[in-house]
Each structure stands twice: as structure tokens, then as C-alpha cells.
Amino acid sequence: MDRPSISALANIAEQEPQNIQFYLDKIVHLQFFGDDAIYHELFRGLKFPNLEVLSLDANDLNNDESLEPYLQPKLKSFRFYGGPISDVFLEKLQDSCPQLEELLIDNPRDLISPDGFLRFLDDAKSLKHVMVVCGMERVIADSVFIALATRHDLETLELRKTVTADLISKAVDQQARSGATP
């Protein structure tokens, strides 16, 4: 049961609440499709201690509070396709998931700030793959781009931003000042 359907888990949570944690302890990969977000409330206060991969389709129910049960120390991949998450959520994600290697954020409803994202990046030491797509254009200020472009441990960077020659030059200068090698 390392990749159960959300509806199957919801059924267990409703029919056998005394047994749900037993099942959640075994889950490694969790994927919310379509309207599966309606079940977030059923998992409030529970833990997914072995969760490594979390993927969430866009839904307004994907918010700071409803996603807390999934923020676990073993989480390595967080793929978020839309919903109202904020700087507060990013702080919880960073604090709760020290092994996070992959981050995809799409359409967070303009609640993430450039400064909040920079703080997250500064403290998320395990990140290797960062994809920030639709709805993150405002967040990817020049300072954020430079911070991402000069991370020595970053293997993949995907973003929606026009990268000018001047911006590349600033990133190269920053890299040279820090003494890091590309």
C-alpha cells in the first residue's frame, strides 16, 4: 500500500478510524488527483511518517493548514500544482522536511513573496531540483534568480522568467565573489 488512492484512504479513515494510522505509516508516495483535496480534513492530526513523494493537483483546498499532515521528515519530493500557500507554508515545509530534494510550485495564488521564497531557499539545504512555473513570476525577482543560479548543489532549474544577459552577468559576478565553482 505504498501508493494508495486517496479515496481508498478516505474510506478507511471514515470506516475504520482506529486503523487509519496503521495504513498511513506504510505510505511512501501520495498523489492527489482532481477533487481529492476534499479529503484533507480526514487526515488532520495524522502523520505520514514514511512519505517521500507528495503530488497535489490544483485545488483551493490545498492551503497552509490542510497540507500540514503531509509535511514529514522523509519527504523528498513536493509537487504542488495550485492552491493558496504562503511564506508561512514554505517555512513549515523547510522546517519539517530536511531531506527535500525536489520542489515544484505552480500557481500558489500570489501568497508567496520573493523574500519568503529566498528565506526558504537559504534554509532548504537538500534541494537539487527546483521548478517554479505559472503564478511564480512575481516571486522570481532578480535576487531570487541569482540565489538559484549560484547554488552549487542545484541540478535542475526550471522557471518562467525572462533571463537577460545583464542578469546572467550578475549571477556570474555573484558566483565569482562567493568563490564557488559552477
# chains A, B, ... in the order shown; residues from 1 in each chain; ligands from 1
$ residues_around --residues "Leu90 (chain A)" --least-positions-apart "6" --cutoff "12 Å" --atoms "only C-alpha atoms" --output "number ranges by chain"
A: 63-65, 67-68, 71, 78, 80, 84, 96-97, 100, 103, 105, 108, 111-124
$ write_last_selection --atoms "C-alpha atoms" --output "PDB file, in the first residue's frame"
ATOM      1  CA  ASN A  63      -3.716  25.552   1.780  1.00  0.00           C
ATOM      2  CA  ASP A  64      -1.149  26.132   4.517  1.00  0.00           C
ATOM      3  CA  GLU A  65      -3.144  24.359   7.210  1.00  0.00           C
ATOM      4  CA  LEU A  67      -1.248  20.330   3.927  1.00  0.00           C
ATOM      5  CA  GLU A  68       0.451  20.091   7.341  1.00  0.00           C
ATOM      6  CA  LEU A  71       4.996  17.619   5.844  1.00  0.00           C
ATOM      7  CA  PHE A  78       6.892  18.109  -3.205  1.00  0.00           C
ATOM      8  CA  PHE A  80       2.294  21.409  -5.999  1.00  0.00           C
ATOM      9  CA  PRO A  84      -3.355  29.178  -1.674  1.00  0.00           C
ATOM     10  CA  SER A  96       9.541  19.772   8.601  1.00  0.00           C
ATOM     11  CA  CYS A  97      11.226  18.285   5.522  1.00  0.00           C
ATOM     12  CA  LEU A 100      13.501  17.768   0.476  1.00  0.00           C
ATOM     13  CA  LEU A 103      10.286  21.269  -5.355  1.00  0.00           C
ATOM     14  CA  ILE A 105       5.394  25.061  -7.272  1.00  0.00           C
ATOM     15  CA  PRO A 108       0.313  29.487  -5.373  1.00  0.00           C
ATOM     16  CA  LEU A 111       0.683  34.467  -1.497  1.00  0.00           C
ATOM     17  CA  ILE A 112       4.413  33.710  -1.689  1.00  0.00           C
ATOM     18  CA  SER A 113       6.748  36.706  -1.581  1.00  0.00           C
ATOM     19  CA  PRO A 114      10.238  36.990  -3.079  1.00  0.00           C
ATOM     20  CA  ASP A 115      11.693  37.423   0.442  1.00  0.00           C
ATOM     21  CA  GLY A 116       9.795  34.403   1.763  1.00  0.00           C
ATOM     22  CA  PHE A 117      10.982  32.268  -1.130  1.00  0.00           C
ATOM     23  CA  LEU A 118      14.575  33.462  -0.611  1.00  0.00           C
ATOM     24  CA  ARG A 119      14.413  32.521   3.088  1.00  0.00           C
ATOM     25  CA  PHE A 120      13.114  29.096   2.093  1.00  0.00           C
ATOM     26  CA  LEU A 121      15.922  28.615  -0.449  1.00  0.00           C
ATOM     27  CA  ASP A 122      18.577  29.722   2.047  1.00  0.00           C
ATOM     28  CA  ASP A 123      17.481  27.111   4.573  1.00  0.00           C
ATOM     29  CA  ALA A 124      16.483  24.233   2.247  1.00  0.00           C
TER      30      ALA A 124
END
$ residues_around --residues "His40 (chain A)" --least-positions-apart "3" --cutoff "12 Å" --atoms "only C-alpha atoms" --output "list in words"
Ile6, Ser7, Leu9, Ala10, Ala13, Phe32, Asp35, Asp36, Ala37, Phe43, Arg44, Gly45, Leu46, Leu56, Asn59, Asp60, Leu61, Asn62, Asn63, Asp64, Glu65, Ser66, Leu67, Glu68, Pro69 and Tyr70 of chain A
$ closest_atom_pairs --of "region 72-104 of chain A" --to "region 135-150 of chain A" --cutoff "12 Å" --atoms "only C-alpha atoms" --output "JSON lines"
{"residue": "A:Phe80", "atom": "CA", "partner": "A:Gly135", "partner_atom": "CA", "distance": 11.8}
{"residue": "A:Tyr81", "atom": "CA", "partner": "A:Gly135", "partner_atom": "CA", "distance": 10.1}
{"residue": "A:Gly82", "atom": "CA", "partner": "A:Gly135", "partner_atom": "CA", "distance": 8.9}
{"residue": "A:Gly83", "atom": "CA", "partner": "A:Gly135", "partner_atom": "CA", "distance": 10.5}
{"residue": "A:Pro84", "atom": "CA", "partner": "A:Gly135", "partner_atom": "CA", "distance": 11.1}
{"residue": "A:Ile85", "atom": "CA", "partner": "A:Gly135", "partner_atom": "CA", "distance": 11.7}
{"residue": "A:Ser86", "atom": "CA", "partner": "A:Val139", "partner_atom": "CA", "distance": 11.4}
{"residue": "A:Asp87", "atom": "CA", "partner": "A:Val139", "partner_atom": "CA", "distance": 10.9}
{"residue": "A:Leu104", "atom": "CA", "partner": "A:Met136", "partner_atom": "CA", "distance": 10.6}
$ select_by_dssp --residues "chain A" --states "helix (DSSP H, G or I)" --output "PyMOL selection string"
chain A and resi 6-15+20-24+36-43+68-70+87-96+114-123+142-149+165-178
$ atom_distance --atom1 "CA of Ser77 (chain A)" --atom2 "CA of Glu102 (chain A)"
4.6 Å
$ closest_residue --among "A:Arg109, A:Asp57, A:Glu14, A:Gln72" --to "Asp95 (chain A)" --atoms "only C-alpha atoms"
A:Gln72
$ residues_around --residues "Glu155 (chain A)" --least-positions-apart "4" --cutoff "9 Å" --atoms "only C-alpha atoms" --output "count of residues only"
4
$ select_by_dssp --residues "region 87-127 of chain A" --states "strand (DSSP E)" --output "VMD selection string"
chain A and resid 102 to 105
$ write_last_selection --atoms "N, CA and C atoms" --output "CSV table (one decimal), in the first residue's frame"
chain,number,residue,atom,x,y,z
A,102,GLU,N,13.4,17.8,-4.2
A,102,GLU,CA,12.7,18.3,-5.4
A,102,GLU,C,11.5,19.2,-5.0
A,103,LEU,N,11.4,20.3,-5.6
A,103,LEU,CA,10.3,21.3,-5.4
A,103,LEU,C,9.7,21.8,-6.7
A,104,LEU,N,8.4,21.6,-6.9
A,104,LEU,CA,7.7,22.1,-8.0
A,104,LEU,C,6.6,22.9,-7.4
A,105,ILE,N,6.5,24.2,-7.7
A,105,ILE,CA,5.4,25.1,-7.3
A,105,ILE,C,4.8,25.7,-8.5
$ atom_distance --atom1 "CA of Ser126 (chain A)" --atom2 "CA of Pro98 (chain A)"
6.9 Å
$ closest_residue --among "A:Ser5, A:Asn11, A:Asn50, A:Thr164" --to "Asp25 (chain A)" --atoms "only C-alpha atoms"
A:Asn50
$ atom_distance --atom1 "CA of Met131 (chain A)" --atom2 "CA of Glu158 (chain A)"
4.5 Å
$ decode --residues "region 37-80 of chain A" --atoms "N, CA and C atoms" --output "compact mmCIF listing (two decimals), in the first residue's frame"
# COMPACT_ATOMS: atom_id res chain seq x y z
N ALA A 37 -8.65 16.71 -2.90
CA ALA A 37 -8.35 17.63 -1.80
C ALA A 37 -9.49 17.74 -0.79
N ILE A 38 -10.69 17.33 -1.18
CA ILE A 38 -11.82 17.37 -0.23
C ILE A 38 -11.56 16.46 0.97
N TYR A 39 -10.61 15.54 0.84
CA TYR A 39 -10.32 14.60 1.92
C TYR A 39 -9.23 15.08 2.88
N HIS A 40 -8.63 16.24 2.63
CA HIS A 40 -7.58 16.73 3.53
C HIS A 40 -8.04 16.73 4.99
N GLU A 41 -9.28 17.15 5.20
CA GLU A 41 -9.80 17.27 6.56
C GLU A 41 -9.75 15.93 7.31
N LEU A 42 -9.95 14.82 6.60
CA LEU A 42 -9.92 13.50 7.24
C LEU A 42 -8.54 13.14 7.79
N PHE A 43 -7.50 13.76 7.25
CA PHE A 43 -6.13 13.43 7.67
C PHE A 43 -5.55 14.42 8.66
N ARG A 44 -6.34 15.41 9.06
CA ARG A 44 -5.88 16.41 10.03
C ARG A 44 -5.48 15.71 11.34
N GLY A 45 -4.31 16.05 11.84
CA GLY A 45 -3.84 15.48 13.10
C GLY A 45 -3.17 14.12 12.95
N LEU A 46 -3.14 13.58 11.74
CA LEU A 46 -2.49 12.29 11.50
C LEU A 46 -1.10 12.52 10.91
N LYS A 47 -0.31 11.45 10.85
CA LYS A 47 1.05 11.54 10.33
C LYS A 47 1.25 10.55 9.18
N PHE A 48 2.12 10.92 8.26
CA PHE A 48 2.55 10.07 7.16
C PHE A 48 4.07 9.92 7.30
N PRO A 49 4.53 9.16 8.30
CA PRO A 49 5.95 9.18 8.67
C PRO A 49 6.93 8.69 7.60
N ASN A 50 6.48 7.92 6.64
CA ASN A 50 7.37 7.40 5.60
C ASN A 50 7.14 8.03 4.24
N LEU A 51 6.35 9.09 4.21
CA LEU A 51 6.04 9.76 2.95
C LEU A 51 7.29 10.41 2.35
N GLU A 52 7.59 10.04 1.10
CA GLU A 52 8.75 10.58 0.39
C GLU A 52 8.35 11.46 -0.80
N VAL A 53 7.19 11.16 -1.41
CA VAL A 53 6.75 11.89 -2.60
C VAL A 53 5.30 12.34 -2.40
N LEU A 54 5.06 13.64 -2.57
CA LEU A 54 3.72 14.19 -2.47
C LEU A 54 3.45 15.02 -3.72
N SER A 55 2.34 14.72 -4.39
CA SER A 55 1.93 15.46 -5.58
C SER A 55 0.47 15.88 -5.41
N LEU A 56 0.20 17.16 -5.63
CA LEU A 56 -1.14 17.70 -5.41
C LEU A 56 -1.64 18.45 -6.63
N ASP A 57 -2.74 17.96 -7.24
CA ASP A 57 -3.39 18.70 -8.32
C ASP A 57 -3.92 20.03 -7.77
N ALA A 58 -4.11 20.99 -8.64
CA ALA A 58 -4.59 22.31 -8.24
C ALA A 58 -5.96 22.21 -7.56
N ASN A 59 -6.07 22.88 -6.42
CA ASN A 59 -7.34 22.93 -5.71
C ASN A 59 -7.24 24.02 -4.63
N ASP A 60 -8.29 24.80 -4.46
CA ASP A 60 -8.27 25.85 -3.44
C ASP A 60 -8.25 25.29 -2.02
N LEU A 61 -8.51 24.00 -1.86
CA LEU A 61 -8.43 23.38 -0.54
C LEU A 61 -7.00 23.02 -0.15
N ASN A 62 -6.07 23.15 -1.09
CA ASN A 62 -4.64 22.93 -0.81
C ASN A 62 -4.10 24.22 -0.18
N ASN A 63 -4.18 24.33 1.13
CA ASN A 63 -3.72 25.55 1.78
C ASN A 63 -2.72 25.24 2.89
N ASP A 64 -2.19 26.28 3.50
CA ASP A 64 -1.15 26.13 4.52
C ASP A 64 -1.52 25.09 5.58
N GLU A 65 -2.71 25.22 6.11
CA GLU A 65 -3.14 24.36 7.21
C GLU A 65 -3.48 22.94 6.76
N SER A 66 -4.20 22.80 5.66
CA SER A 66 -4.66 21.46 5.23
C SER A 66 -3.51 20.56 4.79
N LEU A 67 -2.37 21.14 4.41
CA LEU A 67 -1.25 20.33 3.93
C LEU A 67 -0.28 19.91 5.04
N GLU A 68 -0.47 20.41 6.24
CA GLU A 68 0.45 20.09 7.34
C GLU A 68 0.66 18.60 7.60
N PRO A 69 -0.38 17.75 7.55
CA PRO A 69 -0.14 16.33 7.85
C PRO A 69 0.88 15.66 6.92
N TYR A 70 1.08 16.21 5.75
CA TYR A 70 1.97 15.58 4.77
C TYR A 70 3.41 16.06 4.87
N LEU A 71 3.65 17.07 5.69
CA LEU A 71 5.00 17.62 5.84
C LEU A 71 5.75 16.78 6.87
N GLN A 72 6.50 15.82 6.37
CA GLN A 72 7.18 14.85 7.21
C GLN A 72 8.68 14.83 6.93
N PRO A 73 9.48 14.41 7.90
CA PRO A 73 10.95 14.44 7.75
C PRO A 73 11.50 13.68 6.55
N LYS A 74 10.83 12.63 6.09
CA LYS A 74 11.35 11.84 4.97
C LYS A 74 10.92 12.36 3.60
N LEU A 75 10.10 13.41 3.56
CA LEU A 75 9.61 13.92 2.28
C LEU A 75 10.77 14.44 1.44
N LYS A 76 10.88 13.89 0.23
CA LYS A 76 11.96 14.27 -0.69
C LYS A 76 11.45 15.05 -1.90
N SER A 77 10.19 14.84 -2.26
CA SER A 77 9.64 15.48 -3.46
C SER A 77 8.27 16.08 -3.15
N PHE A 78 8.15 17.39 -3.40
CA PHE A 78 6.89 18.11 -3.20
C PHE A 78 6.52 18.76 -4.53
N ARG A 79 5.43 18.24 -5.14
CA ARG A 79 4.95 18.76 -6.43
C ARG A 79 3.56 19.36 -6.21
N PHE A 80 3.50 20.66 -6.34
CA PHE A 80 2.29 21.41 -6.00
C PHE A 80 1.80 22.15 -7.24
